[in-house]
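**Q** The structure under discussion is supplied below as structure tokens; questions concerning it will follow.
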Amino acid sequence: MARHAGTSGLDLRLDRRRLLGLGVAAGAAPLLGACGGASTTGSDAEGAITFLSTQFTPVEERQRFEQILRDKVGGGAVAYNTVEPNIFSSTITSQVGAGRVEVSLAGGLHGDFAPHADKFENLDELAGKLADRGFPTDIAELGRLAGGATTYLPWMQASYVLAVNKRALQWLPSGADVQNLTYDQFLTWVGDARRANGNKPVLGLPCGPKGLYHRFFQGYLLPSFTGGQMTTFRNPDAVRAWQYMLELWAQTAPASTNYDNMQEPLQRGEVLIAWDHVARLVNAPADKPDDWVMAPAPRGPKGLGYMLVVAGLAIPKGAPEPDRARQVIEALTTPDVQLEVLRRNAFFPVVSATLPDDLPPAVALEAEAVRRQQDAGDAVVALPPVGLGAKDGEVSQIFKNCFKEICLDRRPVQQVLDRQAQQLNTILAETKVPCWRPDPVEAGQPCRVQ
């Protein structure tokens with residue numbers, strides 16, 4: 001994922017320059033009622049501990065990870081339960097608050113943990129024990145949420161890239177490099193490709209009910225055009241970004257509103273170019289990797305905006321099997337297991353590890369695209385929203401509403417942004433969280449749309 005290290009493969013650690021100071025302050029979020037939460041009663045296996053996670057929610061991803069748990073994690077069964085972020089938040093809050101904790105291990109994104117630093121065990125001792133794992137300093141620092149204590153340990157990382165069937169390269173604008181595109185070149189490309197393809201769009205986006213298209217706006221479009229995500233939500237640069245999106249949507253396959261992930265329509269040949277999470281693209285080139293290219297997202301006036309997704313592992317206070325949970329964390333952060341997760345689910349290691357020669361070709365293609373994205377001199381790194389807890393889904397919906405109203409309903413851009421900004425500021429005022437990258441991160445200063 002990082003730059004090449006001799007001939008032995010890719011060093012998958014991220015250096016300090018690439019992370020661009022991602023440290024963020026944990027924000028406070030209102031406690032949820034103790035009645036909320038998920039069923040965390042374990043599994044059929046006797047003595048299984050409960051692992052609650054917001055990651056690997058698609059059925060195939062979950063099943064593959066469960067197989068890794070069975071094959072690679074000794075000492076007893078682990079019941080892996082996937083939930084949405086709001087359920088994760090309410091479950092941890094209600095169980096810890098009531099003193100009746102059923103969850104032994106929690107796995108989630110940085111933003112899933114940030115509002116709940118006081119509900120997890122101090123893992124400083126375990127972090128010291130695992131110092132030889134080689135966690136990048138900046139990623140490890142993200143896990144220090146409660147007064148400098150280690151709230152969670154790094155688990156894995158991911159991002160989003162472009163998948164391109166080589167058939168589409170014939171329509172690239174003259175002089176354009178698929179590995180170094182601007183948003184203007186990208187728009188010209190997909191427009192020319194549509195016209196040359198019998199007026200059939202070749203671009204697809206994951207705009208279905210479970211698609212991650214809101215991450216495109218949060219981590220790619222707005223950072224690239226405005227340099228921010230929240231503070232710049234409705235400024236003139238944001239208006240230009242959404243006007244661009246309106247033009248891009250006109251060149252996008254209308255069936256995109258049905259696509260929850262892009263690897264399936266890519267495999268079927270319904271589209272030739274798509275943007276999505278690496279885990280939701282990896283199957284597209286699996287059968288014929290030589291027919292595919294993976295590329296960084298385009299760059300805009302403010303640089304190459306991209307989203308870095310960091311997941312971690314934590315132990316709730318009062319967990320029924322904390323020692324067993326620590327053993328699972330140790331197992332999941334070994335290079336062997338980290339590389340197995342990369343092979344099967346395309347989430348990248350957070351430990352010192354080198355890509356082996358037997359890595360699936362599709363994953364190697366993604367690794368190179370992610371490396372190029374991170375190595376860009378004008379990279380604008382964005383995090384998923386941090387500290388929103390149960391409000392995370394509402395904030396995501398605001399970005400989805402902007403897409404619907406601007407691109408589908410064709411309402412005036414500024415009016416839509418002004419109205420949605422009011423709702424966004426209401427949520428931010430309630431949660432009182434600091435901003436997160438790429439917006440200025442000021443501890444004690446609540447985030448707000450300007």
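If you're wondering about the labels, chains in the structure tokens are A, B, ... by order shown, residues count from 1 in each chain, ligands from 1 in order shown.
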Using DSSP on the backbone, list every residue of stretch 341-400 of chain A that comes out as strand (DSSP E or B), and give them as a PyMOL selection string.
**A** chain A and resi 348+354+379-382
**Q** Please list as JSON, numbers by chain every residue within 12 Å of A:Leu162, counting only C-alpha atoms and excluding residues in the same chain fewer than 4 positions away.
**A** {"A": [178, 179, 180, 181, 186, 203, 204, 205, 206, 216, 220, 262, 263, 266, 272, 273, 274, 275, 276, 277, 278, 280, 281, 282, 284, 292, 293, 294, 295, 296, 297, 298, 306, 365, 366, 367, 368, 369, 370, 372, 373]}
**Q** Restricting the calculation to only C-alpha atoms, which member of A:Asp112, A:Asp287, A:Asp358, A:Glu247 is positioned closest to A:Glu340?
**A** A:Asp358
**Q** Quick one: which stretch 106-146 of chain A residues come within 12 Å of stretch 71-91 of chain A, and what is the nearest atom pair for each with the distance in Å to one decimal, counting only C-alpha atoms, rows ordered by chain and ascending number, as CSV?
**A**
```
residue,atom,partner,partner_atom,distance
A:Ala106,CA,A:Phe88,CA,8.7
A:Gly107,CA,A:Thr82,CA,9.2
A:Gly108,CA,A:Pro85,CA,8.2
A:Leu109,CA,A:Pro85,CA,9.0
A:His110,CA,A:Pro85,CA,11.2
A:Gly111,CA,A:Pro85,CA,9.1
A:Asp112,CA,A:Pro85,CA,6.5
A:Phe113,CA,A:Ser89,CA,8.4
A:Ala114,CA,A:Ser89,CA,10.3
A:Pro115,CA,A:Ser89,CA,8.5
A:His116,CA,A:Ser89,CA,8.0
A:Ala117,CA,A:Ser89,CA,11.5
A:Lys119,CA,A:Ser89,CA,10.5
```
**Q** If I take atom CA of A:Tyr160 and atom CA of A:Thr50, how far is one from the other in Å, to one decimal?
**A** 29.4 Å
**Q** Measuring atom to atom with only C-alpha atoms, identify which of A:Met230, A:Ala286, A:Leu308, A:Ala279 is nearest to A:Arg371.
**A**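 Using only C-alpha atoms, A:Arg371 sits closest to A:Leu308.
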**Q** Of the residues A:Lys391, A:Lys432, A:Arg62, A:Arg344, which is the one nearest to A:Arg448, using only C-alpha atoms?
**A**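 Selected residue with least distance to A:Arg448: A:Lys432.
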**Q** Return the single residue from A:Arg411, A:Lys302, A:Arg64, A:Arg195 that is closest to A:Leu222, with distances computed using only C-alpha atoms.
**A**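 Closest candidate: A:Lys302.
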**Q** Tell me, which residues of stretch 170-379 of chain A carry DSSP alpha helix (DSSP H), written as a VMD selection string?
**A** chain A and resid 183 to 196 213 to 216 222 to 226 236 to 250 263 to 268 322 to 332 335 to 345 361 to 375
**Q** To one decimal place in Å, what is the distance between atom CA of A:Gly211 and atom CA of A:Gly389?
**A**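 Separation of atom CA of A:Gly211 and atom CA of A:Gly389: 19.9 Å.
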**Q** From the set A:Leu342, A:Leu169, A:Val328, A:Cys207, which residue has the shortest atom-to-atom contact distance to A:Lys404, counting only C-alpha atoms?
**A**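 Counting only C-alpha atoms, the residue closest to A:Lys404 is A:Cys207.
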**Q** Nearest to A:Ala140 among A:Leu187, A:Val310, A:Leu304, A:Leu246, with distances taken over only C-alpha atoms: which residue is it?
**A**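 Closest residue, counting only C-alpha atoms: A:Val310.
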**Q** Could you pull the residues within 6 Å of A:Ala158, counting only C-alpha atoms, minus those fewer than 6 positions along the same chain, as a ChimeraX atom specification?
**A** /A:309,347-348
**Q** If you measure from atom CA of A:Leu145 to atom CA of A:Gly312, what distance in Å do you get, rounded to one decimal?
**A**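 Rounded to one decimal, the two atoms are 12.1 Å apart.
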**Q** Do a neighbour search on A:Arg215 at 8 Å with only C-alpha atoms, toss out local chain neighbours closer than 4 positions, and write the hits as a PyMOL selection string.
**A** chain A and resi 219-220+307+384
